[in-house]
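Quick notes on the structure that follows.
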Amino acid sequence: MSALAIHAGERAKARLLDEGLHEDLFDALIGASGGPKWFVLYGMDRFLFGEFFRNRQRPLQTLGSSAGAWRMCCLATADPVAAIDRLAELYSHESYSERPTAAEVSRQAREMLAKVLGPEGAQEIIDHPLINTHIITDRARHLHGDSGKAKQAVELATAAALNIFSRKTLSWFFERTVFTRTVEESPWRSLSDIRTHSVPLTATNLFDAMIASGSIPFVLEGVSDIEEAKPGLYWDGGISDYHFDLPFNELNGLVLYPHFQSSVVPGWFDKKLPWRRASAKHYSNVVIICPSEEFVAALPGGKLSDRSDFNRLQYDDRVAVFTSVLERSKLLADELRDIIENGLGDRAIQPIGNLR
């Protein structure tokens with residue numbers, strides 16, 4: 001059984017077949033939302049952060065939302081493998097009360113990320129000479145920190161309903177906010193698919209941006225009035241960019257996308273809309289490396305870990321499942337390392353699923 005699957009757009013496939021898989025192919029690395037689904041990528045993250053990009057000599061753009069943003073921030077610390085190890089250990093062992101409030105989950109998320117970054121992590125990310133970190137959050141245009149849950153629920157329900165007809169209607173409710181230390185040089189500074197604003201990422205607002213990027217409405221509290229950004233309530237970047245539908249094709253090099261599945265869903269509200277697909281043009285230069293269907297089927301429960309596991313499994317059982325997935329994820333790294341060292345061989349490069 002092959003543990004790893006490679007999917008690529010047309011331009012990316014041609015370069016892979018011509019040059020093989022090597023780090024100089026890539027101008028960007030991206031990480032999707034998905035909560036505990038990222039556990040299956042842990043082994044690859046350790047390899048990519050600690051070996052593949054270790055001797056990088058030119059700038060690398062990283063972009064992430066929610067858990068993907070947390071992973072990309074780990075990459076830009078002084079010891080990225082230690083940081084991703086801490087994230088995996090702490091996240092997989094999170095424990096809540098029987099009926100946790102959003103305040104409780106938010107408080108624990110803050111404590112967890114503080115331990116992941118350590119006292120110097122934020123400054124290390126800002127000062128990194130090569131890695132340009134981008135964190136996606138979504139500012140609620142009509143909500144503030146004192147907006148009640150009822151108002152928030154109505155706003156979200158209305159946004160979800162109108163999104164059925166067009167993703168552009170998200171701009172009536174949210175403003176995609178991209179935090180980056182290189183605003184003027186950012187390849188994503190002029191996005192026009194929905195309302196977008198870029199904000200300088202600093203050592204003093206990075207932590208709030210990270211928390212906001214993973215603040216799922218009603219699961220966590222939104223983050224109010226982040227430094228350098230417009231006043232308002234900031235929520236999960238996956239609302240606008242769950243798996244992304246951005247013009248990656250405008251980059252000169254390729255985009256590496258370690259993903260937990262072979263298909264992409266543009267935004268959070270699009271998960272149950274089979275007709276809502278990302279642009280094949282945008283993904284022409286993207287390489288997705290993900291677990292094969294056979295590998296996922298052999299995981300505990302025959303599926304990826306996800307947020308439902310926090311509700312359906314008792315703590316000890318949940319930790320055992322998460323730990324097993326984290327350990328098995330290293331098989332993906334072993335296979336990826338072999339491909340890089342020995343070539344693709346007769347491995348098929350498959351198209352990226354669910355594109356238009």
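Within each chain, counting starts at residue 1; across the structure tokens, chains are named A, B, ... in the order shown, with ligands numbered 1 upward in that order.
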Using only C-alpha atoms, determine which residues lie at most 12 Å from Ala114 in chain A, disregarding the query and same-chain residues fewer than 5 positions distant; provide the list as a VMD selection string. chain A and resid 70 74 83 86 to 87 90 107 to 109 119 to 122 206 to 208 210 to 211
Per residue of range 80-101 of chain A within 8 Å of range 37-49 of chain A, note the shortest atom pair and the distance in Å to one decimal, counting only C-alpha atoms, and order the rows by chain and increasing residue number, as a tab-separated table.
```
residue	atom	partner	partner_atom	distance
A:Pro80	CA	A:Phe49	CA	6.0
A:Val81	CA	A:Arg46	CA	5.5
A:Ile84	CA	A:Arg46	CA	7.0
A:Asp85	CA	A:Arg46	CA	7.9
A:Ala88	CA	A:Phe39	CA	7.1
```
Can I get the selected residues back with all heavy atoms, as a PDB file, in the first residue's frame?
```
ATOM      1  N   PRO A  80      11.907  24.947  14.291  1.00  0.00           N
ATOM      2  CA  PRO A  80      10.562  24.597  13.815  1.00  0.00           C
ATOM      3  C   PRO A  80      10.118  23.191  14.179  1.00  0.00           C
ATOM      4  O   PRO A  80       8.927  22.964  14.414  1.00  0.00           O
ATOM      5  CB  PRO A  80      10.650  24.784  12.297  1.00  0.00           C
ATOM      6  CG  PRO A  80      12.108  24.701  11.969  1.00  0.00           C
ATOM      7  CD  PRO A  80      12.804  25.263  13.157  1.00  0.00           C
ATOM      8  N   VAL A  81      11.037  22.246  14.225  1.00  0.00           N
ATOM      9  CA  VAL A  81      10.648  20.875  14.575  1.00  0.00           C
ATOM     10  C   VAL A  81      10.202  20.814  16.032  1.00  0.00           C
ATOM     11  O   VAL A  81       9.192  20.179  16.359  1.00  0.00           O
ATOM     12  CB  VAL A  81      11.806  19.888  14.302  1.00  0.00           C
ATOM     13  CG1 VAL A  81      11.449  18.503  14.822  1.00  0.00           C
ATOM     14  CG2 VAL A  81      12.101  19.822  12.808  1.00  0.00           C
ATOM     15  N   ILE A  84       6.662  22.363  16.181  1.00  0.00           N
ATOM     16  CA  ILE A  84       5.573  21.524  15.672  1.00  0.00           C
ATOM     17  C   ILE A  84       5.378  20.319  16.585  1.00  0.00           C
ATOM     18  O   ILE A  84       4.241  19.830  16.756  1.00  0.00           O
ATOM     19  CB  ILE A  84       5.826  21.093  14.208  1.00  0.00           C
ATOM     20  CG1 ILE A  84       4.504  20.712  13.512  1.00  0.00           C
ATOM     21  CG2 ILE A  84       6.818  19.961  14.098  1.00  0.00           C
ATOM     22  CD1 ILE A  84       3.592  21.866  13.248  1.00  0.00           C
ATOM     23  N   ASP A  85       6.450  19.852  17.224  1.00  0.00           N
ATOM     24  CA  ASP A  85       6.312  18.775  18.218  1.00  0.00           C
ATOM     25  C   ASP A  85       5.460  19.244  19.395  1.00  0.00           C
ATOM     26  O   ASP A  85       4.595  18.505  19.887  1.00  0.00           O
ATOM     27  CB  ASP A  85       7.685  18.343  18.731  1.00  0.00           C
ATOM     28  CG  ASP A  85       8.437  17.448  17.755  1.00  0.00           C
ATOM     29  OD1 ASP A  85       7.828  16.969  16.782  1.00  0.00           O
ATOM     30  OD2 ASP A  85       9.651  17.228  17.988  1.00  0.00           O
ATOM     31  N   ALA A  88       1.765  19.452  18.330  1.00  0.00           N
ATOM     32  CA  ALA A  88       1.155  18.126  18.237  1.00  0.00           C
ATOM     33  C   ALA A  88       0.871  17.550  19.623  1.00  0.00           C
ATOM     34  O   ALA A  88      -0.222  17.015  19.878  1.00  0.00           O
ATOM     35  CB  ALA A  88       2.064  17.182  17.448  1.00  0.00           C
TER      36      ALA A  88
END
```
Need the shell around range 178-183 of chain A: protein/DNA/RNA residues with any atom at most 6 Å away, counting only C-alpha atoms. Skip same-chain ones fewer than 2 positions apart. Format as a ChimeraX atom specification? /A:133-136,185-186,198-201
Save out the residues we just selected, C-alpha atoms, as a short mmCIF file (atom, residue, chain, number, x, y, z; two decimals), in the first residue's frame.
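Produced file out24.cif, reproduced below:
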```cif
data_model
loop_
_atom_site.label_atom_id
_atom_site.label_comp_id
_atom_site.auth_asym_id
_atom_site.auth_seq_id
_atom_site.Cartn_x
_atom_site.Cartn_y
_atom_site.Cartn_z
CA THR A 133 4.43 34.40 7.13
CA HIS A 134 0.80 35.16 6.16
CA ILE A 135 -2.05 34.54 8.60
CA ILE A 136 -5.65 34.72 7.37
CA GLU A 185 5.77 42.58 -1.19
CA SER A 186 3.03 40.06 -0.42
CA SER A 198 -3.75 43.43 4.52
CA VAL A 199 -2.30 44.30 7.93
CA PRO A 200 1.32 44.47 9.14
CA LEU A 201 2.19 41.43 11.24
#
```
Applying 9 Å and only C-alpha atoms, which residues near Ala140 in chain A remain after dropping the ones on its own chain fewer than 2 positions away? List them as a list in words.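 Listed by chain and then number, they are Asp138, His142, Leu143, His144, Phe173, Phe174, Glu175, Gly232, Leu233, Tyr234 and Trp235 of chain A.
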Could you turn the residues from that selection into a file that holds N, CA, C and O atoms, as a CSV table (one decimal), in the first residue's frame?
```
chain,number,residue,atom,x,y,z
A,138,ASP,N,-10.8,36.5,9.5
A,138,ASP,CA,-11.9,37.2,8.9
A,138,ASP,C,-12.6,38.1,9.9
A,138,ASP,O,-13.0,37.7,11.0
A,142,HIS,N,-20.1,43.6,10.8
A,142,HIS,CA,-21.3,44.2,11.6
A,142,HIS,C,-21.4,43.7,13.0
A,142,HIS,O,-22.4,43.9,13.7
A,143,LEU,N,-20.3,43.0,13.5
A,143,LEU,CA,-20.3,42.5,14.8
A,143,LEU,C,-19.1,43.1,15.6
A,143,LEU,O,-18.1,43.3,15.0
A,144,HIS,N,-19.3,43.2,16.9
A,144,HIS,CA,-18.2,43.6,17.8
A,144,HIS,C,-18.1,42.7,19.0
A,144,HIS,O,-19.0,41.8,19.1
A,173,PHE,N,-20.5,40.6,4.8
A,173,PHE,CA,-20.5,40.2,6.2
A,173,PHE,C,-19.1,40.2,6.8
A,173,PHE,O,-18.9,40.4,8.0
A,174,PHE,N,-18.1,39.8,6.0
A,174,PHE,CA,-16.8,39.6,6.4
A,174,PHE,C,-15.8,40.3,5.5
A,174,PHE,O,-16.0,40.6,4.4
A,175,GLU,N,-14.6,40.7,6.1
A,175,GLU,CA,-13.5,41.2,5.4
A,175,GLU,C,-12.3,40.3,5.7
A,175,GLU,O,-11.8,40.2,6.8
A,232,GLY,N,-13.0,45.8,15.3
A,232,GLY,CA,-14.0,44.8,15.0
A,232,GLY,C,-13.6,43.4,15.7
A,232,GLY,O,-12.7,43.3,16.4
A,233,LEU,N,-14.5,42.5,15.3
A,233,LEU,CA,-14.4,41.1,15.9
A,233,LEU,C,-13.8,40.2,14.8
A,233,LEU,O,-14.3,40.1,13.7
A,234,TYR,N,-12.7,39.5,15.1
A,234,TYR,CA,-12.0,38.7,14.2
A,234,TYR,C,-12.2,37.2,14.5
A,234,TYR,O,-12.0,36.8,15.6
A,235,TRP,N,-12.5,36.5,13.4
A,235,TRP,CA,-12.8,35.1,13.5
A,235,TRP,C,-12.0,34.2,12.6
A,235,TRP,O,-11.1,34.7,11.8
```
At a cut-off of 12 Å, using only C-alpha atoms, what residues contact Lys281 in chain A? Leave out same-chain residues fewer than 6 positions from it and give the result as an mmCIF file with C-alpha atoms, in the first residue's frame.
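Result file follows (result.cif):
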```cif
data_model
loop_
_atom_site.group_PDB
_atom_site.id
_atom_site.type_symbol
_atom_site.label_atom_id
_atom_site.label_comp_id
_atom_site.auth_asym_id
_atom_site.auth_seq_id
_atom_site.Cartn_x
_atom_site.Cartn_y
_atom_site.Cartn_z
ATOM 1 C CA ALA A 8 -0.816 18.381 -9.187
ATOM 2 C CA GLY A 9 -2.085 20.996 -11.600
ATOM 3 C CA GLU A 10 -0.962 20.831 -15.232
ATOM 4 C CA ARG A 11 1.973 23.238 -14.906
ATOM 5 C CA ALA A 12 3.128 21.637 -11.678
ATOM 6 C CA ASP A 245 -9.313 29.442 -4.001
ATOM 7 C CA LEU A 246 -6.636 32.065 -4.528
ATOM 8 C CA PRO A 247 -4.518 32.982 -7.599
ATOM 9 C CA PHE A 248 -1.556 30.784 -6.749
ATOM 10 C CA ASN A 249 -0.896 30.572 -10.491
ATOM 11 C CA GLU A 250 0.449 34.137 -10.434
ATOM 12 C CA ILE A 352 -6.358 17.696 -8.054
ATOM 13 C CA LEU A 355 -11.847 21.862 -9.401
ATOM 14 C CA ARG A 356 -13.763 23.773 -12.049
#
```
Range 137-192 of chain A: residues DSSP assigns to strand (DSSP E), reported as number ranges by chain: A: 137-140, 174-180
Next, write the just-selected residues to a file, as a PDB file, in the first residue's frame, keeping N, CA, C and O atoms as the atom set.
```pdb
ATOM      1  N   THR A 137      -7.315  35.807   8.735  1.00  0.00           N
ATOM      2  CA  THR A 137      -8.436  35.879   9.662  1.00  0.00           C
ATOM      3  C   THR A 137      -9.599  36.531   8.924  1.00  0.00           C
ATOM      4  O   THR A 137      -9.436  37.047   7.811  1.00  0.00           O
ATOM      5  N   ASP A 138     -10.781  36.530   9.541  1.00  0.00           N
ATOM      6  CA  ASP A 138     -11.944  37.185   8.936  1.00  0.00           C
ATOM      7  C   ASP A 138     -12.578  38.147   9.931  1.00  0.00           C
ATOM      8  O   ASP A 138     -13.023  37.731  11.008  1.00  0.00           O
ATOM      9  N   ARG A 139     -12.599  39.427   9.563  1.00  0.00           N
ATOM     10  CA  ARG A 139     -13.220  40.444  10.416  1.00  0.00           C
ATOM     11  C   ARG A 139     -14.710  40.518  10.125  1.00  0.00           C
ATOM     12  O   ARG A 139     -15.129  40.683   8.968  1.00  0.00           O
ATOM     13  N   ALA A 140     -15.520  40.375  11.177  1.00  0.00           N
ATOM     14  CA  ALA A 140     -16.967  40.513  11.029  1.00  0.00           C
ATOM     15  C   ALA A 140     -17.294  41.999  10.872  1.00  0.00           C
ATOM     16  O   ALA A 140     -16.983  42.810  11.753  1.00  0.00           O
ATOM     17  N   PHE A 174     -18.121  39.839   5.950  1.00  0.00           N
ATOM     18  CA  PHE A 174     -16.760  39.639   6.437  1.00  0.00           C
ATOM     19  C   PHE A 174     -15.751  40.347   5.541  1.00  0.00           C
ATOM     20  O   PHE A 174     -15.984  40.554   4.352  1.00  0.00           O
ATOM     21  N   GLU A 175     -14.628  40.670   6.140  1.00  0.00           N
ATOM     22  CA  GLU A 175     -13.483  41.179   5.399  1.00  0.00           C
ATOM     23  C   GLU A 175     -12.299  40.268   5.675  1.00  0.00           C
ATOM     24  O   GLU A 175     -11.832  40.171   6.816  1.00  0.00           O
ATOM     25  N   ARG A 176     -11.876  39.555   4.643  1.00  0.00           N
ATOM     26  CA  ARG A 176     -10.663  38.749   4.793  1.00  0.00           C
ATOM     27  C   ARG A 176      -9.526  39.673   5.201  1.00  0.00           C
ATOM     28  O   ARG A 176      -9.260  40.681   4.537  1.00  0.00           O
ATOM     29  N   THR A 177      -8.855  39.316   6.280  1.00  0.00           N
ATOM     30  CA  THR A 177      -7.755  40.140   6.772  1.00  0.00           C
ATOM     31  C   THR A 177      -6.493  39.286   6.814  1.00  0.00           C
ATOM     32  O   THR A 177      -6.445  38.268   7.504  1.00  0.00           O
ATOM     33  N   VAL A 178      -5.499  39.704   6.033  1.00  0.00           N
ATOM     34  CA  VAL A 178      -4.256  38.957   5.905  1.00  0.00           C
ATOM     35  C   VAL A 178      -3.168  39.686   6.685  1.00  0.00           C
ATOM     36  O   VAL A 178      -2.805  40.816   6.354  1.00  0.00           O
ATOM     37  N   PHE A 179      -2.680  39.042   7.721  1.00  0.00           N
ATOM     38  CA  PHE A 179      -1.582  39.596   8.516  1.00  0.00           C
ATOM     39  C   PHE A 179      -0.267  39.103   7.936  1.00  0.00           C
ATOM     40  O   PHE A 179      -0.043  37.896   7.804  1.00  0.00           O
ATOM     41  N   THR A 180       0.618  40.026   7.580  1.00  0.00           N
ATOM     42  CA  THR A 180       1.917  39.655   7.034  1.00  0.00           C
ATOM     43  C   THR A 180       2.924  40.752   7.322  1.00  0.00           C
ATOM     44  O   THR A 180       2.584  41.941   7.333  1.00  0.00           O
TER      45      THR A 180
END
```
Write out as JSON, numbers by chain the residues lying within 10 Å of Ala28 in chain A, counting only C-alpha atoms and excluding same-chain residues fewer than 2 positions away. {"A": [25, 26, 30, 59, 60, 61, 62, 63, 131, 132, 187, 248, 251, 252, 253, 254, 255, 256, 257, 286]}
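Taking CA of Ser92 in chain A and CA of Leu299 in chain A as endpoints, the distance between them is 15.6 Å.
Atom to atom, CA of Lys151 in chain A and CA of Asp306 in chain A stand 27.7 Å apart.
Here CA of Ile6 in chain A and CA of Glu341 in chain A stand 15.7 Å from one another.
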Pick out the closest residue to Ala3 in chain A from this set: A:Ile126, A:Leu156, A:Ala67, A:Leu332. Count only C-alpha atoms.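 With only C-alpha atoms as the atom set, the closest residue is A:Leu332.
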Using DSSP on the backbone, list every residue of range 45-177 of chain A that comes out as alpha helix (DSSP H), and give them as a PyMOL selection string. chain A and resi 45-47+67-75+80-92+102-117+121-127+149-163
Limited to C-alpha atoms, could you put the picked residues into a file as a short mmCIF file (atom, residue, chain, number, x, y, z; two decimals), in the first residue's frame?
```cif
data_model
loop_
_atom_site.label_atom_id
_atom_site.label_comp_id
_atom_site.auth_asym_id
_atom_site.auth_seq_id
_atom_site.Cartn_x
_atom_site.Cartn_y
_atom_site.Cartn_z
CA ASP A 45 5.57 18.80 8.71
CA ARG A 46 8.53 17.55 10.76
CA PHE A 47 10.31 16.47 7.57
CA ALA A 67 -4.62 25.14 12.25
CA GLY A 68 -2.78 25.70 8.96
CA ALA A 69 -1.70 29.14 10.16
CA TRP A 70 -0.46 27.66 13.44
CA ARG A 71 1.64 25.13 11.51
CA MET A 72 3.11 27.80 9.23
CA CYS A 73 4.04 29.91 12.26
CA CYS A 74 5.91 26.93 13.71
CA LEU A 75 7.98 26.77 10.52
CA PRO A 80 10.56 24.60 13.81
CA VAL A 81 10.65 20.88 14.57
CA ALA A 82 10.52 21.51 18.32
CA ALA A 83 7.64 23.95 17.77
CA ILE A 84 5.57 21.52 15.67
CA ASP A 85 6.31 18.78 18.22
CA ARG A 86 4.92 20.98 20.98
CA LEU A 87 1.84 21.81 18.92
CA ALA A 88 1.15 18.13 18.24
CA GLU A 89 1.68 17.10 21.86
CA LEU A 90 -0.39 19.87 23.42
CA TYR A 91 -3.20 19.87 20.87
CA SER A 92 -3.63 16.09 20.98
CA ALA A 102 -16.28 29.27 24.12
CA ALA A 103 -14.44 31.23 26.81
CA GLU A 104 -12.92 28.03 28.22
CA VAL A 105 -11.81 26.74 24.80
CA SER A 106 -10.37 30.14 23.89
CA ARG A 107 -8.47 30.38 27.16
CA GLN A 108 -6.94 26.95 26.66
CA ALA A 109 -6.08 27.71 23.04
CA ARG A 110 -4.21 30.80 24.16
CA GLU A 111 -2.33 28.84 26.81
CA MET A 112 -1.46 26.16 24.27
CA LEU A 113 -0.14 28.56 21.63
CA ALA A 114 1.84 30.47 24.24
CA LYS A 115 3.64 27.23 25.10
CA VAL A 116 4.09 26.34 21.42
CA LEU A 117 5.77 29.65 20.57
CA GLY A 121 8.69 32.68 19.11
CA ALA A 122 6.71 35.71 17.93
CA GLN A 123 9.84 37.79 17.46
CA GLU A 124 11.59 34.89 15.69
CA ILE A 125 8.74 34.69 13.18
CA ILE A 126 8.87 38.42 12.50
CA ASP A 127 12.66 38.44 12.19
CA LYS A 149 -24.78 35.24 20.56
CA ALA A 150 -28.22 35.71 19.03
CA LYS A 151 -26.98 38.51 16.78
CA GLN A 152 -23.91 36.49 15.86
CA ALA A 153 -26.06 33.48 14.99
CA VAL A 154 -28.34 35.53 12.74
CA GLU A 155 -25.37 37.13 11.00
CA LEU A 156 -23.69 33.79 10.35
CA ALA A 157 -26.88 32.09 9.20
CA THR A 158 -27.61 34.91 6.77
CA ALA A 159 -24.04 34.82 5.43
CA ALA A 160 -24.26 31.05 4.95
CA ALA A 161 -27.61 31.30 3.16
CA LEU A 162 -26.47 33.97 0.72
CA ASN A 163 -23.18 32.17 0.13
#
```
